[in-house]
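Structure file upload_20.cif (mmCIF, C-alpha atoms) is printed below.
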data_entry
#
loop_
_atom_site.label_atom_id
_atom_site.label_comp_id
_atom_site.auth_asym_id
_atom_site.auth_seq_id
_atom_site.Cartn_x
_atom_site.Cartn_y
_atom_site.Cartn_z
CA PRO A 823 15.40 -0.81 -30.09
CA TYR A 824 17.21 -1.73 -26.88
CA PRO A 825 15.78 -3.26 -24.73
CA ALA A 826 13.65 -5.79 -26.63
CA ASP A 827 9.96 -6.06 -25.68
CA VAL A 828 10.15 -9.76 -24.86
CA TYR A 829 12.51 -12.75 -24.76
CA PHE A 830 10.73 -16.02 -25.47
CA GLU A 831 12.53 -19.29 -24.73
CA GLY A 832 12.16 -22.66 -23.00
CA CYS A 833 12.52 -23.03 -19.23
CA ASP A 834 16.04 -24.45 -19.75
CA GLN A 835 17.27 -20.92 -20.56
CA TYR A 836 17.06 -19.40 -17.07
CA ARG A 837 20.74 -20.19 -16.58
CA GLY A 838 21.39 -19.85 -20.32
CA TRP A 839 20.24 -17.18 -22.74
CA PHE A 840 18.04 -15.24 -20.26
CA ASN A 841 20.97 -15.08 -17.82
CA SER A 842 23.95 -14.55 -20.15
CA SER A 843 22.19 -11.75 -22.08
CA LEU A 844 21.12 -10.12 -18.82
CA ILE A 845 24.72 -10.10 -17.49
CA THR A 846 26.23 -8.75 -20.73
CA GLY A 847 23.35 -6.27 -21.23
CA VAL A 848 23.73 -4.78 -17.76
CA ALA A 849 27.53 -4.71 -18.11
CA VAL A 850 27.45 -2.88 -21.45
CA TYR A 851 24.29 -0.72 -21.24
CA GLY A 852 23.50 -0.61 -17.53
CA LYS A 853 20.06 -2.19 -17.96
CA ALA A 854 18.38 -5.48 -18.86
CA PRO A 855 18.11 -6.32 -22.58
CA TYR A 856 14.40 -7.20 -22.30
CA LYS A 857 11.27 -5.66 -20.81
CA ALA A 858 9.65 -9.07 -20.22
CA VAL A 859 10.56 -12.75 -20.26
CA VAL A 860 8.14 -15.46 -21.36
CA SER A 861 9.33 -19.00 -20.76
CA HIS A 862 7.63 -22.28 -21.62
CA GLY A 863 7.88 -25.94 -20.67
CA PHE A 864 8.52 -28.92 -22.94
CA THR A 865 6.06 -30.96 -24.98
CA MET A 866 5.29 -34.41 -23.61
CA ASP A 867 3.12 -37.24 -24.95
CA GLY A 868 -0.46 -37.80 -23.71
CA ASN A 869 0.78 -39.71 -20.64
CA GLY A 870 3.26 -37.01 -19.64
CA ASN A 871 6.33 -38.91 -20.89
CA LYS A 872 9.23 -37.17 -22.60
CA MET A 873 9.11 -37.69 -26.35
CA SER A 874 11.92 -39.79 -27.83
CA LYS A 875 12.45 -41.73 -31.04
CA SER A 876 13.46 -44.87 -29.10
CA LEU A 877 10.07 -44.89 -27.28
CA GLY A 878 8.27 -44.21 -30.56
CA ASN A 879 6.04 -41.58 -28.92
CA THR A 880 7.11 -38.53 -30.93
CA ILE A 881 4.48 -36.45 -32.71
CA ASP A 882 5.49 -34.64 -35.91
CA PRO A 883 3.90 -31.16 -35.99
CA ILE A 884 4.12 -31.06 -39.81
CA LYS A 885 1.92 -34.17 -39.97
CA LEU A 886 -0.51 -32.55 -37.52
CA PHE A 887 -0.74 -29.48 -39.80
CA GLN A 888 -1.42 -31.68 -42.82
CA LEU A 889 -4.03 -33.72 -40.97
CA HIS A 890 -5.88 -31.04 -39.01
CA GLY A 891 -4.69 -27.65 -40.31
CA ALA A 892 -2.33 -25.21 -38.61
CA ASP A 893 -5.14 -23.33 -36.84
CA ILE A 894 -6.09 -26.46 -34.85
CA VAL A 895 -2.49 -26.88 -33.68
CA ARG A 896 -2.28 -23.18 -32.78
CA LEU A 897 -5.55 -23.48 -30.85
CA TRP A 898 -4.11 -26.46 -28.96
CA VAL A 899 -1.07 -24.35 -28.00
CA ALA A 900 -3.38 -21.58 -26.77
CA SER A 901 -5.39 -24.10 -24.72
CA THR A 902 -2.34 -25.26 -22.72
CA ASP A 903 -0.72 -23.83 -19.63
CA TYR A 904 2.57 -23.35 -21.49
CA THR A 905 4.41 -22.27 -18.31
CA GLU A 906 4.44 -25.98 -17.37
CA ASP A 907 5.34 -29.01 -19.49
CA VAL A 908 2.44 -29.59 -21.90
CA ARG A 909 0.86 -32.79 -23.21
CA ILE A 910 -0.29 -33.64 -26.72
CA SER A 911 -2.10 -36.69 -28.07
CA GLU A 912 -4.82 -37.58 -30.57
CA ASP A 913 -7.47 -37.38 -27.82
CA ILE A 914 -6.31 -33.93 -26.72
CA ILE A 915 -6.34 -32.69 -30.34
CA LYS A 916 -9.85 -34.17 -30.72
CA GLN A 917 -11.11 -32.02 -27.82
CA VAL A 918 -9.53 -28.91 -29.33
CA LYS A 919 -11.14 -29.73 -32.69
CA GLU A 920 -14.54 -29.68 -30.99
CA SER A 921 -13.84 -26.17 -29.69
CA TYR A 922 -12.68 -25.10 -33.14
CA ARG A 923 -15.79 -26.59 -34.79
CA LYS A 924 -17.98 -24.60 -32.40
CA ILE A 925 -16.17 -21.36 -33.31
CA ARG A 926 -16.30 -22.12 -37.05
CA ASN A 927 -20.01 -23.05 -36.98
CA THR A 928 -20.72 -19.83 -35.07
CA TYR A 929 -18.94 -17.85 -37.82
CA LYS A 930 -21.06 -19.64 -40.44
CA PHE A 931 -24.28 -18.81 -38.59
CA LEU A 932 -23.28 -15.15 -38.14
CA LEU A 933 -22.28 -14.75 -41.79
CA GLY A 934 -25.44 -16.52 -43.00
CA ASN A 935 -27.65 -14.08 -41.08
CA LEU A 936 -25.80 -10.93 -42.16
CA SER A 937 -26.10 -11.40 -45.93
CA ASP A 938 -28.74 -8.63 -46.21
CA PHE A 939 -27.24 -6.34 -43.55
CA ASP A 940 -25.28 -3.14 -44.22
CA ILE A 941 -23.70 -1.68 -41.08
CA GLU A 942 -23.77 1.85 -42.58
CA LYS A 943 -27.48 1.77 -43.45
CA ASN A 944 -29.13 -0.77 -41.15
CA ALA A 945 -27.35 -0.48 -37.78
CA VAL A 946 -29.49 0.20 -34.69
CA PRO A 947 -27.82 2.46 -32.04
CA PHE A 948 -27.26 0.90 -28.61
CA GLU A 949 -29.76 3.28 -26.95
CA GLU A 950 -32.56 2.09 -29.27
CA MET A 951 -31.84 -1.64 -28.96
CA LEU A 952 -34.16 -4.09 -27.23
CA PRO A 953 -33.10 -5.20 -23.72
CA TYR A 954 -31.69 -8.62 -24.72
CA ASP A 955 -29.63 -7.02 -27.51
CA LYS A 956 -28.24 -4.46 -25.05
CA TYR A 957 -27.31 -7.35 -22.78
CA MET A 958 -25.46 -9.16 -25.58
CA MET A 959 -23.58 -6.00 -26.57
CA THR A 960 -22.59 -5.57 -22.91
CA LYS A 961 -21.40 -9.22 -22.70
CA LEU A 962 -19.42 -8.72 -25.92
CA ASN A 963 -17.81 -5.66 -24.34
CA VAL A 964 -16.86 -7.62 -21.20
CA TYR A 965 -15.47 -10.48 -23.33
CA THR A 966 -13.45 -8.01 -25.44
CA ARG A 967 -12.00 -6.30 -22.37
CA ASP A 968 -11.07 -9.59 -20.69
CA VAL A 969 -9.42 -11.01 -23.84
CA LEU A 970 -7.36 -7.85 -24.42
CA GLU A 971 -6.20 -7.95 -20.78
CA ALA A 972 -5.27 -11.64 -21.14
CA TYR A 973 -3.21 -10.92 -24.27
CA GLU A 974 -1.31 -8.19 -22.42
CA LYS A 975 -0.27 -10.81 -19.85
CA PHE A 976 0.53 -13.49 -22.49
CA GLY A 977 -2.42 -15.43 -21.04
CA TYR A 978 -3.42 -17.43 -24.12
CA GLN A 979 -5.06 -20.19 -22.07
CA GLU A 980 -7.31 -17.51 -20.58
CA VAL A 981 -8.19 -16.28 -24.10
CA TYR A 982 -9.10 -19.88 -25.01
CA LYS A 983 -11.33 -20.31 -21.93
CA LEU A 984 -13.02 -16.93 -22.34
CA THR A 985 -13.72 -17.66 -26.01
CA ASN A 986 -15.13 -21.13 -25.31
CA ASN A 987 -17.48 -19.71 -22.67
CA PHE A 988 -18.57 -16.77 -24.82
CA VAL A 989 -19.20 -18.88 -27.95
CA SER A 990 -20.77 -21.90 -26.20
CA PHE A 991 -22.84 -20.29 -23.46
CA ASP A 992 -23.50 -16.62 -24.19
CA LEU A 993 -23.97 -17.11 -27.93
CA SER A 994 -24.98 -20.71 -28.81
CA ASN A 995 -26.91 -21.74 -25.69
CA PHE A 996 -28.65 -18.41 -25.17
CA TYR A 997 -28.61 -15.57 -27.67
CA LEU A 998 -28.43 -17.40 -31.01
CA ASP A 999 -30.91 -19.99 -29.77
CA PHE A 1000 -33.87 -17.66 -29.27
CA THR A 1001 -33.03 -14.97 -31.87
CA LYS A 1002 -33.36 -17.50 -34.73
CA ASP A 1003 -37.12 -16.84 -34.71
CA ILE A 1004 -36.55 -13.10 -34.95
CA LEU A 1005 -34.01 -13.46 -37.77
CA TYR A 1006 -36.11 -15.91 -39.81
CA ILE A 1007 -39.67 -14.72 -39.13
CA GLU A 1008 -39.75 -10.97 -38.45
CA LYS A 1009 -40.09 -8.54 -41.34
CA GLU A 1010 -36.75 -8.18 -43.16
CA ASP A 1011 -36.12 -4.54 -42.18
CA SER A 1012 -38.02 -4.54 -38.87
CA LYS A 1013 -36.32 -2.90 -35.91
CA GLU A 1014 -36.32 -6.21 -33.98
CA ARG A 1015 -34.43 -8.00 -36.76
CA ARG A 1016 -32.03 -5.15 -37.54
CA SER A 1017 -31.24 -4.81 -33.83
CA VAL A 1018 -30.24 -8.50 -33.62
CA GLN A 1019 -28.22 -8.17 -36.85
CA THR A 1020 -26.37 -5.16 -35.41
CA VAL A 1021 -25.35 -7.34 -32.44
CA LEU A 1022 -24.31 -10.21 -34.74
CA TYR A 1023 -22.20 -7.86 -36.87
CA ASN A 1024 -20.40 -6.49 -33.81
CA VAL A 1025 -19.84 -9.98 -32.41
CA LEU A 1026 -18.39 -11.16 -35.73
CA SER A 1027 -16.22 -8.06 -36.16
CA ASN A 1028 -14.76 -8.34 -32.64
CA LEU A 1029 -14.32 -12.12 -32.70
CA ILE A 1030 -12.31 -12.32 -35.92
CA ARG A 1031 -9.94 -9.56 -34.80
CA LEU A 1032 -9.54 -10.88 -31.25
CA LEU A 1033 -8.86 -14.44 -32.46
CA ALA A 1034 -6.65 -13.46 -35.44
CA PRO A 1035 -3.38 -14.05 -33.48
CA ILE A 1036 -4.49 -17.60 -32.57
CA LEU A 1037 -6.58 -18.55 -35.64
CA PRO A 1038 -4.91 -16.52 -38.42
CA TYR A 1039 -6.15 -18.61 -41.37
CA THR A 1040 -9.75 -18.90 -40.19
CA SER A 1041 -9.87 -15.19 -39.31
CA GLU A 1042 -8.55 -14.28 -42.75
CA GLU A 1043 -11.08 -16.57 -44.44
CA VAL A 1044 -14.01 -15.04 -42.52
CA TYR A 1045 -12.69 -11.50 -43.07
CA GLY A 1046 -12.91 -12.13 -46.83
CA TYR A 1047 -16.69 -12.56 -46.47
CA VAL A 1048 -17.17 -9.57 -44.18
CA GLY A 1049 -15.77 -7.12 -46.73
CA GLY A 1050 -13.42 -5.30 -44.35
CA LYS A 1051 -11.67 -2.08 -45.26
CA GLU A 1052 -8.15 -3.51 -45.05
CA GLU A 1053 -6.42 -5.95 -47.39
CA SER A 1054 -6.11 -8.43 -44.51
CA VAL A 1055 -7.59 -8.90 -41.03
CA HIS A 1056 -4.01 -8.76 -39.74
CA LEU A 1057 -3.81 -5.10 -40.77
CA GLU A 1058 -6.84 -4.26 -38.64
CA ARG A 1059 -6.68 -2.77 -35.15
CA MET A 1060 -7.89 -4.78 -32.18
CA PRO A 1061 -11.46 -3.81 -31.14
CA GLU A 1062 -11.82 -1.11 -28.52
CA VAL A 1063 -13.67 -1.49 -25.24
CA VAL A 1064 -16.83 0.65 -25.32
CA SER A 1065 -18.35 2.41 -22.34
CA TYR A 1066 -22.08 1.81 -21.87
CA GLY A 1067 -23.36 3.87 -18.95
CA ASP A 1068 -25.74 1.26 -17.50
CA GLU A 1069 -23.50 -1.78 -17.99
CA GLU A 1070 -23.65 -2.88 -14.34
CA LYS A 1071 -27.45 -2.68 -14.15
CA ILE A 1072 -27.88 -4.64 -17.41
CA LEU A 1073 -25.56 -7.42 -16.20
CA LYS A 1074 -27.21 -7.56 -12.76
CA ASP A 1075 -30.75 -7.68 -14.19
CA PHE A 1076 -29.88 -10.48 -16.60
CA SER A 1077 -28.09 -12.39 -13.87
CA LEU A 1078 -31.43 -12.40 -12.00
CA PHE A 1079 -33.22 -13.36 -15.23
CA PHE A 1080 -30.91 -16.40 -15.68
CA ASP A 1081 -31.82 -17.53 -12.13
CA VAL A 1082 -35.45 -17.57 -13.26
CA LYS A 1083 -34.56 -19.21 -16.59
CA GLU A 1084 -32.94 -22.07 -14.68
CA ASP A 1085 -36.19 -22.59 -12.75
CA VAL A 1086 -38.29 -22.38 -15.92
CA ASN A 1087 -36.04 -24.90 -17.72
CA LYS A 1088 -36.38 -27.30 -14.78
CA ALA A 1089 -40.19 -26.93 -14.83
CA LEU A 1090 -40.24 -27.50 -18.62
CA GLU A 1091 -38.11 -30.61 -18.19
CA ASP A 1092 -40.50 -31.95 -15.54
CA ALA A 1093 -43.44 -31.28 -17.88
CA ARG A 1094 -41.66 -33.12 -20.69
CA ASN A 1095 -41.00 -36.11 -18.44
CA GLU A 1096 -44.68 -36.15 -17.46
CA LYS A 1097 -45.60 -36.06 -21.20
CA THR A 1098 -47.51 -32.77 -20.70
CA ILE A 1099 -45.49 -31.19 -23.52
CA GLY A 1100 -43.03 -32.21 -26.22
CA SER A 1101 -40.94 -29.25 -27.35
CA SER A 1102 -40.80 -26.11 -25.20
CA LEU A 1103 -42.91 -24.24 -27.79
CA GLU A 1104 -45.87 -26.45 -26.84
CA ALA A 1105 -45.78 -24.85 -23.40
CA GLU A 1106 -47.43 -21.86 -21.83
CA ILE A 1107 -45.95 -20.91 -18.48
CA PHE A 1108 -47.17 -18.99 -15.43
CA ILE A 1109 -44.64 -17.41 -13.07
CA HIS A 1110 -45.03 -16.01 -9.57
CA ALA A 1111 -42.05 -13.89 -8.53
CA GLU A 1112 -41.29 -11.48 -5.71
CA GLY A 1113 -38.81 -8.67 -5.00
CA GLU A 1114 -36.07 -8.05 -7.55
CA TYR A 1115 -37.15 -11.08 -9.60
CA SER A 1116 -40.61 -9.57 -10.00
CA ARG A 1117 -39.16 -6.23 -11.14
CA VAL A 1118 -36.84 -7.80 -13.73
CA LEU A 1119 -39.56 -10.07 -15.15
CA SER A 1120 -41.96 -7.10 -15.39
CA ASP A 1121 -39.33 -5.10 -17.29
CA LEU A 1122 -38.83 -8.00 -19.72
CA SER A 1123 -42.49 -9.09 -19.85
CA ASP A 1124 -42.96 -8.31 -23.57
CA TYR A 1125 -40.06 -10.61 -24.52
CA LEU A 1126 -40.26 -13.47 -22.01
CA HIS A 1127 -41.96 -15.91 -24.42
CA GLN A 1128 -39.03 -15.42 -26.82
CA LEU A 1129 -36.35 -15.59 -24.14
CA PHE A 1130 -37.76 -18.84 -22.71
CA ILE A 1131 -38.66 -20.16 -26.22
CA VAL A 1132 -42.26 -20.95 -25.19
CA SER A 1133 -45.65 -19.98 -26.65
CA GLY A 1134 -46.74 -17.72 -23.80
CA VAL A 1135 -45.72 -16.34 -20.40
CA THR A 1136 -48.07 -14.90 -17.80
CA LEU A 1137 -46.88 -13.25 -14.57
CA VAL A 1138 -49.33 -13.92 -11.72
CA ASP A 1139 -49.80 -12.75 -8.12
CA LYS A 1140 -51.02 -16.08 -6.70
CA GLU A 1141 -48.69 -18.69 -5.25
CA LEU A 1142 -47.43 -21.41 -7.63
CA PRO A 1143 -45.34 -24.59 -7.14
CA MET A 1144 -42.01 -23.18 -5.91
CA MET A 1145 -38.86 -24.05 -7.76
CA SER A 1146 -35.61 -22.48 -6.51
CA LYS A 1147 -36.18 -18.74 -6.89
CA VAL A 1148 -39.71 -18.39 -8.32
CA GLY A 1149 -42.97 -20.31 -8.61
CA VAL A 1150 -43.59 -21.89 -12.04
CA LYS A 1151 -46.54 -23.71 -13.57
CA VAL A 1152 -46.43 -25.28 -17.05
CA VAL A 1153 -49.55 -26.03 -19.13
CA LYS A 1154 -49.89 -27.21 -22.71
CA SER A 1155 -50.53 -24.27 -25.03
CA GLU A 1156 -53.82 -24.34 -26.89
CA GLY A 1157 -52.44 -22.33 -29.79
#
Conversion result in structure tokens:
Amino acid sequence: PYPADVYFEGCDQYRGWFNSSLITGVAVYGKAPYKAVVSHGFTMDGNGNKMSKSLGNTIDPIKLFQLHGADIVRLWVASTDYTEDVRISEDIIKQVKESYRKIRNTYKFLLGNLSDFDIEKNAVPFEEMLPYDKYMMTKLNVYTRDVLEAYEKFGYQEVYKLTNNFVSFDLSNFYLDFTKDILYIEKEDSKERRSVQTVLYNVLSNLIRLLAPILPYTSEEVYGYVGGKEESVHLERMPEVVSYGDEEKILKDFSLFFDVKEDVNKALEDARNEKTIGSSLEAEIFIHAEGEYSRVLSDLSDYLHQLFIVSGVTLVDKELPMMSKVGVKVVKSEG
């Protein structure tokens, strides 16, 4: 239909195609021929020089596809600020490959821990989830909302940044790190394990659909293992943003928890340096907290040993060596 949703051309077309079609469109129909214009810069080499055959600095995209796969090249495009001239080199591609490897390994971990999970039979409702699972579902919701908003604004670099943060920090460094014990050790159909699996399923389902425009081949490959209802992931709808009533409280409480976690990690590191402990599981920790920190830790007291990946946590009233926000003491566990 007239007008088109979007015109997509290089920045050399402001006086060219964007302009000439605008003039003729307004003259003939009385309105612009497009609802939006997306323009991009040119591709330079790693040093910011224009590519030319005489300089020998051209990069053949077909060779890049053959060497790294099309999804890596697409991910590189998404990682750039395309409104400016963009740079490409082997080193830049290497960095993007690291991001891709992180995403792919996360998919492998999620799939590997969902092999005995059926969403229809085993899912745990949000209201019945454990606090850390509620937090992860809330973070997934925030990530989903932010990515959908970025897509609406053609902000692919923002999608790339949001995804890197979500996969590297929220998932790998935090949630997947401590839930391994629950997934591997708890009884197969225990509520704790099924609750974590419900989160993993939702994370996987949202991720492959949200990243399908940027990583079409990888998303299709993963979708084949998930057993989706459609013939292809590209026939699926984008995930919807869910409304959890206590979203703000959950995020605020865990923000306070991460303040404490930072202190605990520092204390564990000090204990390692002093040869008191080796791995964090050799540690038992005592924490003295006040105010909001005390409330949050009390609410999470049953799960703190898992969240900190230590053998035991005791909350005490007496003063302890002060870190940044709370007092922490580390002793070697006798277990």
Can you list what the PyMOL selection byres ((chain A and resi 950) around 12) grabs from this structure, as a list of chain:residue names? A:Ala945, A:Val946, A:Pro947, A:Phe948, A:Glu949, A:Met951, A:Leu952, A:Pro953, A:Tyr954, A:Asp955, A:Lys956, A:Lys1013, A:Glu1014, A:Arg1016, A:Ser1017, A:Val1018, A:Thr1020
So which one's closest to A:Leu844, A:Arg909, A:Tyr829, A:Leu1119, A:Lys943? Using all atoms listed in the file, please.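 The closest residue to A:Leu844 is A:Tyr829.
The environment of A:Arg1031 within 10 Å, counting only C-alpha atoms and disregarding residues fewer than 3 places along the same chain, consists of Leu1026, Ser1027, Asn1028, Ala1034, Pro1035, Ile1036, Leu1037, Pro1038, Ser1041, Glu1042, Tyr1045, Val1055, His1056, Leu1057, Glu1058, Arg1059, Met1060 and Pro1061 of chain A.
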Write the selection just made, keeping C-alpha atoms, as a PDB file, in the frame of the given file?
ATOM      1  CA  LEU A1026     -18.390 -11.160 -35.730  1.00  0.00           C
ATOM      2  CA  SER A1027     -16.220  -8.060 -36.160  1.00  0.00           C
ATOM      3  CA  ASN A1028     -14.760  -8.340 -32.640  1.00  0.00           C
ATOM      4  CA  ALA A1034      -6.650 -13.460 -35.440  1.00  0.00           C
ATOM      5  CA  PRO A1035      -3.380 -14.050 -33.480  1.00  0.00           C
ATOM      6  CA  ILE A1036      -4.490 -17.600 -32.570  1.00  0.00           C
ATOM      7  CA  LEU A1037      -6.580 -18.550 -35.640  1.00  0.00           C
ATOM      8  CA  PRO A1038      -4.910 -16.520 -38.420  1.00  0.00           C
ATOM      9  CA  SER A1041      -9.870 -15.190 -39.310  1.00  0.00           C
ATOM     10  CA  GLU A1042      -8.550 -14.280 -42.750  1.00  0.00           C
ATOM     11  CA  TYR A1045     -12.690 -11.500 -43.070  1.00  0.00           C
ATOM     12  CA  VAL A1055      -7.590  -8.900 -41.030  1.00  0.00           C
ATOM     13  CA  HIS A1056      -4.010  -8.760 -39.740  1.00  0.00           C
ATOM     14  CA  LEU A1057      -3.810  -5.100 -40.770  1.00  0.00           C
ATOM     15  CA  GLU A1058      -6.840  -4.260 -38.640  1.00  0.00           C
ATOM     16  CA  ARG A1059      -6.680  -2.770 -35.150  1.00  0.00           C
ATOM     17  CA  MET A1060      -7.890  -4.780 -32.180  1.00  0.00           C
ATOM     18  CA  PRO A1061     -11.460  -3.810 -31.140  1.00  0.00           C
TER      19      PRO A1061
END
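In this comparison, which uses all atoms listed in the file, the residue of A:Ile1030, A:Val828, A:Asn1024, A:Pro855 approaching A:Asn841 most closely is A:Pro855.
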Which residues are close to A:Phe1108, i.e. within 8 Å by only C-alpha atoms, leaving aside same-chain residues fewer than 2 positions away? Reply as a ChimeraX atom specification. /A:1106,1110,1135-1138,1150-1152
At a cut-off of 9 Å, using only C-alpha atoms, what residues contact stretch 917-931 of chain A? Leave out same-chain residues fewer than 3 positions from it and give the result as JSON, numbers by chain. {"A": [890, 893, 894, 895, 897, 898, 901, 912, 913, 914, 934, 935, 936, 985, 986, 989, 990, 993, 994, 998, 1026, 1029, 1030, 1040, 1044]}
Evaluate the PyMOL selection byres ((chain A and resi 1063) around 10) here and jot the selected residues down as a PDB file with C-alpha atoms, in the coordinates of the input.
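Output saved as out-v4.pdb:
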ATOM      1  CA  LEU A 962     -19.420  -8.720 -25.920  1.00  0.00           C
ATOM      2  CA  ASN A 963     -17.810  -5.660 -24.340  1.00  0.00           C
ATOM      3  CA  VAL A 964     -16.860  -7.620 -21.200  1.00  0.00           C
ATOM      4  CA  TYR A 965     -15.470 -10.480 -23.330  1.00  0.00           C
ATOM      5  CA  THR A 966     -13.450  -8.010 -25.440  1.00  0.00           C
ATOM      6  CA  ARG A 967     -12.000  -6.300 -22.370  1.00  0.00           C
ATOM      7  CA  ASP A 968     -11.070  -9.590 -20.690  1.00  0.00           C
ATOM      8  CA  LEU A 970      -7.360  -7.850 -24.420  1.00  0.00           C
ATOM      9  CA  MET A1060      -7.890  -4.780 -32.180  1.00  0.00           C
ATOM     10  CA  PRO A1061     -11.460  -3.810 -31.140  1.00  0.00           C
ATOM     11  CA  GLU A1062     -11.820  -1.110 -28.520  1.00  0.00           C
ATOM     12  CA  VAL A1064     -16.830   0.650 -25.320  1.00  0.00           C
ATOM     13  CA  SER A1065     -18.350   2.410 -22.340  1.00  0.00           C
ATOM     14  CA  TYR A1066     -22.080   1.810 -21.870  1.00  0.00           C
TER      15      TYR A1066
END
At a cut-off of 8 Å from (-33.0, -13.1, -37.0) in the coordinates of the file, what residues are picked up using only C-alpha atoms, written as a list in words? Asn935, Thr1001, Lys1002, Asp1003, Ile1004, Leu1005, Tyr1006, Ile1007, Glu1008, Arg1015, Val1018 and Gln1019 of chain A
Atoms to include: C-alpha atoms. Write the selected residues as an mmCIF file, keeping the file's coordinate frame.
data_model
loop_
_atom_site.group_PDB
_atom_site.id
_atom_site.type_symbol
_atom_site.label_atom_id
_atom_site.label_comp_id
_atom_site.auth_asym_id
_atom_site.auth_seq_id
_atom_site.Cartn_x
_atom_site.Cartn_y
_atom_site.Cartn_z
ATOM 1 C CA ASN A 935 -27.650 -14.080 -41.080
ATOM 2 C CA THR A 1001 -33.030 -14.970 -31.870
ATOM 3 C CA LYS A 1002 -33.360 -17.500 -34.730
ATOM 4 C CA ASP A 1003 -37.120 -16.840 -34.710
ATOM 5 C CA ILE A 1004 -36.550 -13.100 -34.950
ATOM 6 C CA LEU A 1005 -34.010 -13.460 -37.770
ATOM 7 C CA TYR A 1006 -36.110 -15.910 -39.810
ATOM 8 C CA ILE A 1007 -39.670 -14.720 -39.130
ATOM 9 C CA GLU A 1008 -39.750 -10.970 -38.450
ATOM 10 C CA ARG A 1015 -34.430 -8.000 -36.760
ATOM 11 C CA VAL A 1018 -30.240 -8.500 -33.620
ATOM 12 C CA GLN A 1019 -28.220 -8.170 -36.850
#
Distance atom CA of A:Ser842-atom CA of A:Tyr978, one decimal place?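 Interatomic distance here is 27.8 Å.
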With only C-alpha atoms as the atoms that count, which of A:Phe1079, A:Tyr904, A:Gly870, A:Ile884 lies nearest to A:Glu831? A:Tyr904
Which value, in Å to one decimal, gives the distance between atom CA of A:Ser843 and atom CA of A:Val899?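 Atom CA of A:Val899 lies 27.1 Å from atom CA of A:Ser843.
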Centre and edge lengths of an axis-aligned box around all listed atoms of stretch 987-1004 of chain A, with 8 Å added on each side, are to be given in Å to one decimal, as lines of an AutoDock Vina configuration file.
center_x = -27.3
center_y = -17.5
center_z = -28.8
size_x = 35.6
size_y = 24.8
size_z = 28.3
Missing atoms in stretch 887-897 of chain A: can you complete it with N, CA, C and O atoms, as a PDB file, in the frame of the given file?
ATOM      1  N   PHE A 887      -0.254 -30.565 -38.930  1.00  0.00           N
ATOM      2  CA  PHE A 887      -0.740 -29.480 -39.800  1.00  0.00           C
ATOM      3  C   PHE A 887      -1.467 -30.071 -41.007  1.00  0.00           C
ATOM      4  O   PHE A 887      -2.529 -29.610 -41.410  1.00  0.00           O
ATOM      5  N   GLN A 888      -0.841 -31.088 -41.616  1.00  0.00           N
ATOM      6  CA  GLN A 888      -1.420 -31.680 -42.820  1.00  0.00           C
ATOM      7  C   GLN A 888      -2.749 -32.372 -42.525  1.00  0.00           C
ATOM      8  O   GLN A 888      -3.664 -32.353 -43.341  1.00  0.00           O
ATOM      9  N   LEU A 889      -2.836 -32.960 -41.338  1.00  0.00           N
ATOM     10  CA  LEU A 889      -4.030 -33.720 -40.970  1.00  0.00           C
ATOM     11  C   LEU A 889      -5.169 -32.818 -40.498  1.00  0.00           C
ATOM     12  O   LEU A 889      -6.327 -32.993 -40.894  1.00  0.00           O
ATOM     13  N   HIS A 890      -4.830 -31.831 -39.660  1.00  0.00           N
ATOM     14  CA  HIS A 890      -5.880 -31.040 -39.010  1.00  0.00           C
ATOM     15  C   HIS A 890      -5.892 -29.573 -39.440  1.00  0.00           C
ATOM     16  O   HIS A 890      -6.878 -28.885 -39.187  1.00  0.00           O
ATOM     17  N   GLY A 891      -4.803 -29.082 -40.034  1.00  0.00           N
ATOM     18  CA  GLY A 891      -4.690 -27.650 -40.310  1.00  0.00           C
ATOM     19  C   GLY A 891      -3.936 -26.940 -39.207  1.00  0.00           C
ATOM     20  O   GLY A 891      -4.029 -27.321 -38.038  1.00  0.00           O
ATOM     21  N   ALA A 892      -3.187 -25.915 -39.587  1.00  0.00           N
ATOM     22  CA  ALA A 892      -2.330 -25.210 -38.610  1.00  0.00           C
ATOM     23  C   ALA A 892      -3.147 -24.526 -37.512  1.00  0.00           C
ATOM     24  O   ALA A 892      -2.700 -24.437 -36.371  1.00  0.00           O
ATOM     25  N   ASP A 893      -4.352 -24.045 -37.842  1.00  0.00           N
ATOM     26  CA  ASP A 893      -5.140 -23.330 -36.840  1.00  0.00           C
ATOM     27  C   ASP A 893      -5.522 -24.230 -35.658  1.00  0.00           C
ATOM     28  O   ASP A 893      -5.589 -23.781 -34.515  1.00  0.00           O
ATOM     29  N   ILE A 894      -5.762 -25.518 -35.933  1.00  0.00           N
ATOM     30  CA  ILE A 894      -6.090 -26.460 -34.850  1.00  0.00           C
ATOM     31  C   ILE A 894      -4.897 -26.609 -33.908  1.00  0.00           C
ATOM     32  O   ILE A 894      -5.039 -26.608 -32.686  1.00  0.00           O
ATOM     33  N   VAL A 895      -3.703 -26.712 -34.492  1.00  0.00           N
ATOM     34  CA  VAL A 895      -2.490 -26.880 -33.680  1.00  0.00           C
ATOM     35  C   VAL A 895      -2.235 -25.599 -32.876  1.00  0.00           C
ATOM     36  O   VAL A 895      -1.871 -25.650 -31.696  1.00  0.00           O
ATOM     37  N   ARG A 896      -2.451 -24.463 -33.487  1.00  0.00           N
ATOM     38  CA  ARG A 896      -2.280 -23.180 -32.780  1.00  0.00           C
ATOM     39  C   ARG A 896      -3.286 -23.068 -31.627  1.00  0.00           C
ATOM     40  O   ARG A 896      -2.965 -22.580 -30.549  1.00  0.00           O
ATOM     41  N   LEU A 897      -4.524 -23.524 -31.898  1.00  0.00           N
ATOM     42  CA  LEU A 897      -5.550 -23.480 -30.850  1.00  0.00           C
ATOM     43  C   LEU A 897      -5.183 -24.406 -29.697  1.00  0.00           C
ATOM     44  O   LEU A 897      -5.418 -24.084 -28.532  1.00  0.00           O
TER      45      LEU A 897
END
